[in-house]
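K.L.:
File start-v3.tsv follows (TSV, C-alpha atoms):
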chain	number	residue	atom	x	y	z
V	1	MET	CA	23.19	-30.87	0.81
V	2	GLN	CA	25.92	-33.40	1.57
V	3	GLU	CA	28.48	-32.04	-0.92
V	4	TYR	CA	28.22	-28.57	0.59
V	5	ALA	CA	28.61	-30.00	4.09
V	6	THR	CA	31.95	-31.42	2.96
V	7	LEU	CA	33.00	-28.05	1.54
V	8	ARG	CA	32.00	-26.36	4.80
V	9	ALA	CA	34.25	-28.77	6.69
V	10	PHE	CA	37.13	-28.04	4.29
V	11	VAL	CA	36.72	-24.25	4.60
V	12	ALA	CA	36.32	-24.39	8.39
V	13	VAL	CA	39.52	-26.43	8.86
V	14	ALA	CA	41.39	-24.20	6.41
V	15	ARG	CA	40.36	-21.07	8.33
V	16	THR	CA	40.85	-22.43	11.86
V	17	GLY	CA	43.80	-24.74	11.16
V	18	SER	CA	42.25	-27.30	13.50
V	19	VAL	CA	39.80	-30.18	13.18
V	20	SER	CA	38.64	-29.66	16.77
V	21	ARG	CA	37.91	-25.95	16.28
V	22	ALA	CA	36.19	-26.64	12.96
V	23	ALA	CA	34.07	-29.34	14.63
V	24	GLU	CA	33.07	-26.90	17.36
V	25	GLN	CA	32.25	-24.21	14.80
V	26	LEU	CA	30.10	-26.53	12.69
V	27	HIS	CA	28.55	-28.36	15.68
V	28	LEU	CA	29.92	-31.71	14.47
V	29	THR	CA	32.18	-34.32	16.00
V	30	GLN	CA	35.90	-34.40	15.20
V	31	PRO	CA	35.63	-37.85	13.57
V	32	ALA	CA	32.86	-36.50	11.30
V	33	ILE	CA	35.07	-33.61	10.18
V	34	SER	CA	38.05	-35.92	9.62
V	35	LEU	CA	35.91	-38.29	7.56
V	36	LYS	CA	34.62	-35.47	5.35
V	37	LEU	CA	38.18	-34.24	4.68
V	38	LYS	CA	39.30	-37.77	3.86
V	39	GLN	CA	36.40	-38.25	1.44
V	40	LEU	CA	37.01	-34.89	-0.22
V	41	GLN	CA	40.72	-35.54	-0.76
V	42	SER	CA	39.98	-39.05	-2.01
V	43	ASN	CA	37.35	-37.83	-4.48
V	44	LEU	CA	39.62	-35.07	-5.78
V	45	GLY	CA	42.80	-37.18	-5.75
V	46	LEU	CA	44.58	-34.27	-4.07
V	47	THR	CA	46.25	-33.64	-0.72
V	48	LEU	CA	44.70	-30.48	0.70
V	49	PHE	CA	46.33	-30.31	4.15
V	50	SER	CA	49.69	-31.05	5.70
V	51	ARG	CA	50.20	-31.68	9.41
V	52	ARG	CA	52.30	-29.27	11.43
V	53	PRO	CA	52.97	-29.00	15.19
V	54	GLN	CA	50.45	-26.16	15.48
V	55	GLY	CA	47.75	-27.98	13.48
V	56	LEU	CA	46.74	-28.44	9.84
V	57	ALA	CA	48.00	-26.18	7.09
V	58	LEU	CA	46.83	-25.90	3.51
V	59	THR	CA	48.98	-27.41	0.80
V	60	PRO	CA	49.45	-25.44	-2.44
V	61	ASP	CA	46.54	-27.44	-3.90
V	62	GLY	CA	44.47	-26.58	-0.84
V	63	HIS	CA	45.27	-22.88	-1.22
V	64	ALA	CA	44.30	-23.04	-4.88
V	65	LEU	CA	40.92	-24.64	-4.11
V	66	LEU	CA	39.94	-22.52	-1.07
V	67	PRO	CA	38.59	-19.45	-3.00
V	68	ALA	CA	36.51	-21.71	-5.25
V	69	ALA	CA	35.15	-23.58	-2.23
V	70	GLU	CA	34.19	-20.32	-0.51
V	71	LYS	CA	32.52	-19.06	-3.69
V	72	ALA	CA	30.58	-22.32	-4.03
V	73	LEU	CA	29.38	-22.07	-0.41
V	74	ALA	CA	28.29	-18.45	-0.93
V	75	SER	CA	26.30	-19.49	-3.98
V	76	ALA	CA	24.76	-22.38	-2.07
V	77	LEU	CA	23.75	-20.02	0.76
V	78	SER	CA	22.18	-17.61	-1.74
V	79	PHE	CA	20.33	-20.54	-3.32
V	80	GLU	CA	18.98	-21.70	0.04
V	81	GLN	CA	17.92	-18.17	1.03
V	82	THR	CA	16.12	-17.68	-2.27
V	83	ALA	CA	14.38	-21.03	-1.86
V	84	GLY	CA	13.39	-20.03	1.66
V	85	THR	CA	11.79	-16.79	0.52
V	86	LEU	CA	9.65	-18.70	-1.95
V	87	HIS	CA	7.83	-20.31	0.96
V	88	SER	CA	6.73	-16.91	2.26
V	89	THR	CA	6.30	-15.08	-1.06
V	90	LEU	CA	2.68	-14.32	-1.79
V	91	ARG	CA	1.59	-15.53	-5.20
V	92	GLY	CA	-1.68	-15.84	-7.04
V	93	LYS	CA	-4.17	-13.41	-8.52
V	94	LEU	CA	-6.37	-10.77	-6.90
V	95	SER	CA	-9.42	-9.62	-8.88
V	96	ILE	CA	-10.46	-6.10	-7.86
V	97	GLY	CA	-13.73	-4.38	-8.70
V	98	THR	CA	-13.29	-0.64	-9.24
V	99	ILE	CA	-15.84	2.17	-9.55
V	100	VAL	CA	-15.96	5.91	-10.36
V	101	ASP	CA	-12.51	7.44	-11.01
V	102	PRO	CA	-9.13	6.00	-9.89
V	103	GLU	CA	-8.06	9.20	-8.14
V	104	PHE	CA	-11.05	9.14	-5.80
V	105	LEU	CA	-10.29	5.52	-4.87
V	106	ARG	CA	-6.57	6.29	-4.38
V	107	LEU	CA	-6.17	3.35	-6.72
V	108	GLY	CA	-2.66	4.20	-7.86
V	109	ALA	CA	-1.32	4.38	-4.31
V	110	PHE	CA	-3.20	1.21	-3.37
V	111	LEU	CA	-1.79	-0.84	-6.25
V	112	SER	CA	1.71	0.57	-5.85
V	113	ARG	CA	1.88	-0.39	-2.18
V	114	LEU	CA	0.23	-3.74	-2.80
V	115	MET	CA	2.87	-4.59	-5.41
V	116	ALA	CA	5.63	-3.52	-3.02
V	117	ARG	CA	4.14	-5.81	-0.37
V	118	ALA	CA	3.56	-8.74	-2.73
V	119	PRO	CA	5.59	-8.36	-5.96
V	120	GLN	CA	4.61	-11.84	-7.20
V	121	LEU	CA	0.88	-11.12	-6.84
V	122	GLU	CA	-1.01	-10.55	-10.09
V	123	THR	CA	-3.83	-8.01	-9.94
V	124	GLU	CA	-6.76	-7.84	-12.32
V	125	LEU	CA	-9.02	-4.77	-12.39
V	126	HIS	CA	-12.67	-4.84	-13.46
V	127	HIS	CA	-14.46	-1.50	-13.68
V	128	GLY	CA	-18.19	-1.23	-13.12
V	129	MET	CA	-20.91	0.23	-10.93
V	130	SER	CA	-21.23	-0.43	-7.22
V	131	GLY	CA	-24.07	-2.90	-7.60
V	132	SER	CA	-22.36	-4.94	-10.29
V	133	VAL	CA	-19.12	-5.06	-8.26
V	134	LEU	CA	-21.07	-6.26	-5.22
V	135	ASN	CA	-22.86	-8.96	-7.20
V	136	ARG	CA	-19.67	-10.25	-8.79
V	137	ILE	CA	-17.91	-10.47	-5.42
V	138	GLU	CA	-20.89	-12.30	-3.95
V	139	GLN	CA	-20.83	-14.75	-6.87
V	140	GLY	CA	-17.07	-15.27	-6.56
V	141	ASP	CA	-16.16	-13.60	-9.88
V	142	LEU	CA	-14.21	-10.91	-8.02
V	143	ASP	CA	-12.19	-11.16	-4.81
V	144	VAL	CA	-12.54	-7.63	-3.46
V	145	GLY	CA	-13.88	-4.29	-4.62
V	146	PHE	CA	-14.96	-0.75	-3.89
V	147	TYR	CA	-18.58	0.08	-3.14
V	148	LEU	CA	-20.73	3.15	-2.51
V	149	ALA	CA	-23.66	3.27	-0.09
V	150	PRO	CA	-25.11	5.58	2.56
V	151	PRO	CA	-22.94	5.67	5.72
V	152	ALA	CA	-23.17	2.64	8.02
V	153	GLN	CA	-25.27	0.67	5.50
V	154	GLY	CA	-22.48	-1.15	3.69
V	155	PRO	CA	-23.71	-3.88	1.33
V	156	GLY	CA	-26.98	-4.05	3.26
V	157	LYS	CA	-28.69	-6.73	5.32
V	158	GLY	CA	-29.47	-8.81	2.26
V	159	HIS	CA	-25.80	-9.57	1.73
V	160	GLU	CA	-24.72	-11.32	4.93
V	161	THR	CA	-21.97	-13.17	3.07
V	162	LEU	CA	-20.06	-9.92	2.52
V	163	ALA	CA	-17.70	-8.07	4.85
V	164	TRP	CA	-16.93	-4.37	4.46
V	165	ARG	CA	-14.88	-1.45	5.70
V	166	GLU	CA	-15.84	2.19	5.32
V	167	LEU	CA	-12.93	4.25	4.01
V	168	THR	CA	-14.34	7.78	3.78
V	169	HIS	CA	-17.57	9.80	3.90
V	170	PHE	CA	-18.66	12.44	1.40
V	171	ASP	CA	-21.86	14.00	-0.01
V	172	TYR	CA	-23.66	13.91	-3.31
V	173	HIS	CA	-25.18	17.17	-4.63
V	174	VAL	CA	-27.88	17.89	-7.18
V	175	ILE	CA	-26.29	19.61	-10.17
V	176	ALA	CA	-27.96	21.30	-13.11
V	177	PRO	CA	-26.94	23.06	-16.34
V	178	ALA	CA	-25.52	26.57	-16.16
V	179	GLY	CA	-28.28	29.18	-15.92
V	180	TRP	CA	-30.73	26.87	-14.13
V	181	GLU	CA	-30.27	28.52	-10.74
V	182	ASN	CA	-33.85	29.86	-10.71
V	183	ARG	CA	-35.22	26.39	-11.38
V	184	LEU	CA	-33.40	25.14	-8.28
V	185	ILE	CA	-34.77	27.73	-5.87
V	186	ASP	CA	-37.49	25.32	-4.80
V	187	THR	CA	-35.48	22.38	-3.45
V	188	ARG	CA	-38.42	20.22	-2.42
V	189	TRP	CA	-38.00	16.80	-3.99
V	190	GLU	CA	-41.56	16.95	-5.32
V	191	HIS	CA	-40.50	19.95	-7.42
V	192	LEU	CA	-37.03	18.71	-8.36
V	193	ALA	CA	-38.52	15.43	-9.63
V	194	THR	CA	-40.54	17.33	-12.24
V	195	LEU	CA	-37.38	18.69	-13.86
V	196	PRO	CA	-35.59	16.66	-16.56
V	197	TRP	CA	-33.22	14.12	-15.01
V	198	ILE	CA	-30.24	12.22	-16.30
V	199	VAL	CA	-30.57	8.95	-14.39
V	200	THR	CA	-28.37	5.90	-13.94
V	201	PRO	CA	-29.00	2.11	-13.89
V	202	GLN	CA	-30.16	0.31	-10.76
V	203	ASP	CA	-26.65	-1.00	-10.08
V	204	SER	CA	-25.32	2.50	-9.51
V	205	ALA	CA	-25.05	4.37	-6.21
V	206	HIS	CA	-26.71	7.38	-7.93
V	207	HIS	CA	-29.86	5.36	-8.52
V	208	ARG	CA	-30.07	4.08	-4.95
V	209	LEU	CA	-29.39	7.50	-3.38
V	210	LEU	CA	-31.91	9.29	-5.58
V	211	LYS	CA	-34.55	6.62	-4.98
V	212	GLN	CA	-34.03	6.90	-1.21
V	213	ALA	CA	-34.24	10.71	-1.33
V	214	LEU	CA	-37.48	10.65	-3.35
V	215	ALA	CA	-39.15	7.85	-1.36
V	216	PRO	CA	-40.77	10.01	1.40
V	217	SER	CA	-42.52	12.21	-1.18
V	218	GLY	CA	-43.41	9.36	-3.51
V	219	ALA	CA	-42.09	11.43	-6.41
V	220	VAL	CA	-40.55	9.86	-9.51
V	221	PRO	CA	-37.88	11.68	-11.52
V	222	SER	CA	-38.76	12.88	-15.01
V	223	ARG	CA	-36.23	10.84	-16.99
V	224	VAL	CA	-34.76	12.23	-20.19
V	225	ALA	CA	-31.62	10.09	-20.43
V	226	GLN	CA	-29.91	7.18	-18.72
V	227	VAL	CA	-26.13	6.81	-18.57
V	228	ASP	CA	-23.78	4.36	-16.90
V	229	GLN	CA	-20.65	6.51	-16.78
V	230	GLU	CA	-19.99	9.54	-14.62
V	231	ALA	CA	-18.07	11.38	-17.35
V	232	CYS	CA	-20.99	10.97	-19.78
V	233	MET	CA	-23.42	12.21	-17.16
V	234	LEU	CA	-21.36	15.37	-16.57
V	235	ASP	CA	-21.17	16.04	-20.32
V	236	LEU	CA	-24.95	15.84	-20.61
V	237	VAL	CA	-25.45	18.23	-17.68
V	238	ARG	CA	-22.97	20.67	-19.23
V	239	ALA	CA	-24.88	20.38	-22.51
V	240	GLY	CA	-28.12	21.48	-20.81
V	241	VAL	CA	-29.92	18.14	-20.96
V	242	GLY	CA	-30.96	17.95	-17.31
V	243	LEU	CA	-30.15	17.38	-13.64
V	244	SER	CA	-28.11	14.69	-12.00
V	245	LEU	CA	-26.16	13.86	-8.85
V	246	ALA	CA	-22.45	14.48	-8.44
V	247	ARG	CA	-19.91	13.88	-5.68
V	248	ASP	CA	-19.13	17.02	-3.67
V	249	ALA	CA	-15.64	17.51	-5.12
V	250	LEU	CA	-16.95	17.12	-8.68
V	251	ALA	CA	-19.94	19.37	-8.05
V	252	MET	CA	-17.79	22.20	-6.68
V	253	THR	CA	-15.24	21.85	-9.50
V	254	GLU	CA	-17.94	21.89	-12.17
V	255	ARG	CA	-19.63	24.94	-10.61
V	256	GLN	CA	-16.34	26.83	-10.68
V	257	GLU	CA	-15.02	25.68	-14.05
V	258	SER	CA	-18.21	25.08	-16.09
V	259	GLY	CA	-20.71	27.28	-14.30
V	260	LEU	CA	-23.04	24.41	-13.46
V	261	ALA	CA	-25.77	25.15	-10.94
V	262	VAL	CA	-25.76	23.32	-7.60
V	263	ALA	CA	-28.91	23.02	-5.50
V	264	GLU	CA	-28.42	24.69	-2.13
V	265	ASN	CA	-28.86	22.78	1.12
V	266	ILE	CA	-29.26	19.37	-0.51
V	267	ARG	CA	-26.68	16.81	0.50
V	268	LEU	CA	-27.02	13.07	0.16
V	269	PRO	CA	-24.48	11.44	2.53
V	270	CYS	CA	-22.51	8.55	1.09
V	271	ALA	CA	-19.59	6.34	2.10
V	272	LEU	CA	-16.87	4.68	0.07
V	273	SER	CA	-16.35	1.13	1.30
V	274	PHE	CA	-14.16	-1.85	0.51
V	275	ILE	CA	-16.00	-5.18	0.35
V	276	TRP	CA	-15.07	-8.86	0.21
V	277	ARG	CA	-16.57	-12.23	1.13
V	278	HIS	CA	-16.49	-13.23	4.82
V	279	GLU	CA	-15.19	-16.67	3.85
V	280	SER	CA	-12.14	-15.16	2.12
V	281	THR	CA	-11.05	-12.97	5.06
V	282	ASN	CA	-8.19	-15.32	5.96
V	283	GLU	CA	-6.97	-15.80	2.40
V	284	SER	CA	-3.44	-14.44	1.97
V	285	THR	CA	-4.31	-12.36	-1.10
V	286	VAL	CA	-7.28	-10.68	0.59
V	287	ASN	CA	-5.25	-10.16	3.76
V	288	ALA	CA	-2.58	-8.39	1.70
V	289	ALA	CA	-5.23	-6.12	0.19
V	290	LEU	CA	-6.71	-5.28	3.60
V	291	SER	CA	-3.29	-4.54	5.09
V	292	THR	CA	-2.52	-2.27	2.15
V	293	LEU	CA	-5.81	-0.43	2.71
V	294	ASP	CA	-4.62	0.48	6.21
V	295	GLU	CA	-1.61	2.23	4.64
V	296	VAL	CA	-3.53	4.06	1.90
V	297	TRP	CA	-6.55	4.94	4.06
V	298	PRO	CA	-4.93	5.23	7.54
V	299	HIS	CA	-7.96	7.04	8.95
V	300	ARG	CA	-10.56	4.64	7.64
V	301	LEU	CA	-13.92	4.71	9.40
V	302	GLY	CA	-14.70	1.07	9.98
So that I can check it, write out the structure of this file as structure tokens.
P.N.:
Amino acid sequence: MQEYATLRAFVAVARTGSVSRAAEQLHLTQPAISLKLKQLQSNLGLTLFSRRPQGLALTPDGHALLPAAEKALASALSFEQTAGTLHSTLRGKLSIGTIVDPEFLRLGAFLSRLMARAPQLETELHHGMSGSVLNRIEQGDLDVGFYLAPPAQGPGKGHETLAWRELTHFDYHVIAPAGWENRLIDTRWEHLATLPWIVTPQDSAHHRLLKQALAPSGAVPSRVAQVDQEACMLDLVRAGVGLSLARDALAMTERQESGLAVAENIRLPCALSFIWRHESTNESTVNAALSTLDEVWPHRLG
């Protein structure tokens, strides 16, 4: 900005008392500095410097204007720095598909650190089941999301357009109403399938895990209810309606606090993953999300 260049010349000469030293400081020629001072004094109609044997000295008018000039330059520098940060500030919107409960996903920590990394980034959360989150990411409705599947399977071979990272492994258990311990003594899937089951839609990880567990025996669960929310499923099990699957932490908590029965020696391994489209890997918003994952899940598995 030309006007600020003139003010810089004025302040430099005022502080150094010399056109030559000011020119050296500002990486300009002496004639350029002299011209800027001449133009400034002409525009203002004021004499800002007087010549002395040791160099230039400020006149009373020059002394009066120096603080204002320095303040103007400081404001200009702040303006330029702010403008510069706008080039590197991440903006836009990141649509995130969430599943199960926020605590299990470490969602609060993830969003908090993401906002610290990119305060101008707008996040939009869409809760659903693993399958629906996967489909919406594949279709471009969501940018990233959380997903449940058996370890090392990720989205599966039918979804080559998706990339994924495993964040943690855990197990699902078969849970039943309190007092059903005797009905769970026989843990063969052929027997368990004959008991009343609270099932979930095809988009859920529960459905896929149970189907995979029953496949070798060819058994089909005896369905008494279908739910699409984990909290509802737990309520129905507590009420004595039937069996279901629950994450290990939930199963152990419910056994201790509600007396629910847990089938011994049955564990269905599962992994929590983060998924996104391969083509969006280099997008700044997705990159910010992936970098934040490394902070929230520092010991991720993939």
K.L.:
Contacts of Thr161 (chain V) at 12 Å or less, counting all atoms listed in the file, minus same-chain residues fewer than 5 places along, as a list in words?
P.N.:
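Returned residues: Leu134, Asn135, Ile137, Glu138, Gln139, Gly140, Pro155, Gly156, Ile275, Trp276, Arg277, His278, Glu279, Ser280 and Thr281 of chain V.
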K.L.:
Pull C-alpha atoms from the residues just selected and write them as a tab-separated table (two decimals), in the coordinates of the input.
P.N.:
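Here's the written file result.tsv:
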chain	number	residue	atom	x	y	z
V	134	LEU	CA	-21.07	-6.26	-5.22
V	135	ASN	CA	-22.86	-8.96	-7.20
V	137	ILE	CA	-17.91	-10.47	-5.42
V	138	GLU	CA	-20.89	-12.30	-3.95
V	139	GLN	CA	-20.83	-14.75	-6.87
V	140	GLY	CA	-17.07	-15.27	-6.56
V	155	PRO	CA	-23.71	-3.88	1.33
V	156	GLY	CA	-26.98	-4.05	3.26
V	275	ILE	CA	-16.00	-5.18	0.35
V	276	TRP	CA	-15.07	-8.86	0.21
V	277	ARG	CA	-16.57	-12.23	1.13
V	278	HIS	CA	-16.49	-13.23	4.82
V	279	GLU	CA	-15.19	-16.67	3.85
V	280	SER	CA	-12.14	-15.16	2.12
V	281	THR	CA	-11.05	-12.97	5.06
K.L.:
Pick the closest to Lys71 (chain V) from V:Val144, V:Leu44, V:Leu90, V:Val11: which is it, counting all atoms listed in the file?
P.N.:
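Among the listed residues, the smallest separation from Lys71 (chain V) belongs to V:Val11.
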K.L.:
I want to know what sits within 9 Å of Val100 (chain V), based on only C-alpha atoms, with residues of the same chain fewer than 6 positions away left out; could you give that as a list of chain:residue names?
P.N.:
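With the cut-off at 9 Å, the set is V:His127, V:Gly128, V:Met129, V:Ser130, V:Gln229, V:Glu230.
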K.L.:
With C-alpha atoms retained, write the just-selected residues as a PDB file, in the frame of the given file.
P.N.:
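Listing of out.pdb after writing:
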ATOM      1  CA  HIS V 127     -14.460  -1.500 -13.680  1.00  0.00           C
ATOM      2  CA  GLY V 128     -18.190  -1.230 -13.120  1.00  0.00           C
ATOM      3  CA  MET V 129     -20.910   0.230 -10.930  1.00  0.00           C
ATOM      4  CA  SER V 130     -21.230  -0.430  -7.220  1.00  0.00           C
ATOM      5  CA  GLN V 229     -20.650   6.510 -16.780  1.00  0.00           C
ATOM      6  CA  GLU V 230     -19.990   9.540 -14.620  1.00  0.00           C
TER       7      GLU V 230
END
K.L.:
So, counting all atoms listed in the file, which residue among V:Gly179, V:Ala74, V:Leu142, V:Leu167 is closest to Leu105 (chain V)?
P.N.:
V:Leu167
K.L.:
Using all atoms listed in the file, which of the listed residues (V:Cys232, V:Val224, V:Leu195, V:Ala289) sits closest to Arg183 (chain V)?
P.N.:
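Ranked by minimum distance to Arg183 (chain V), first place goes to V:Leu195.
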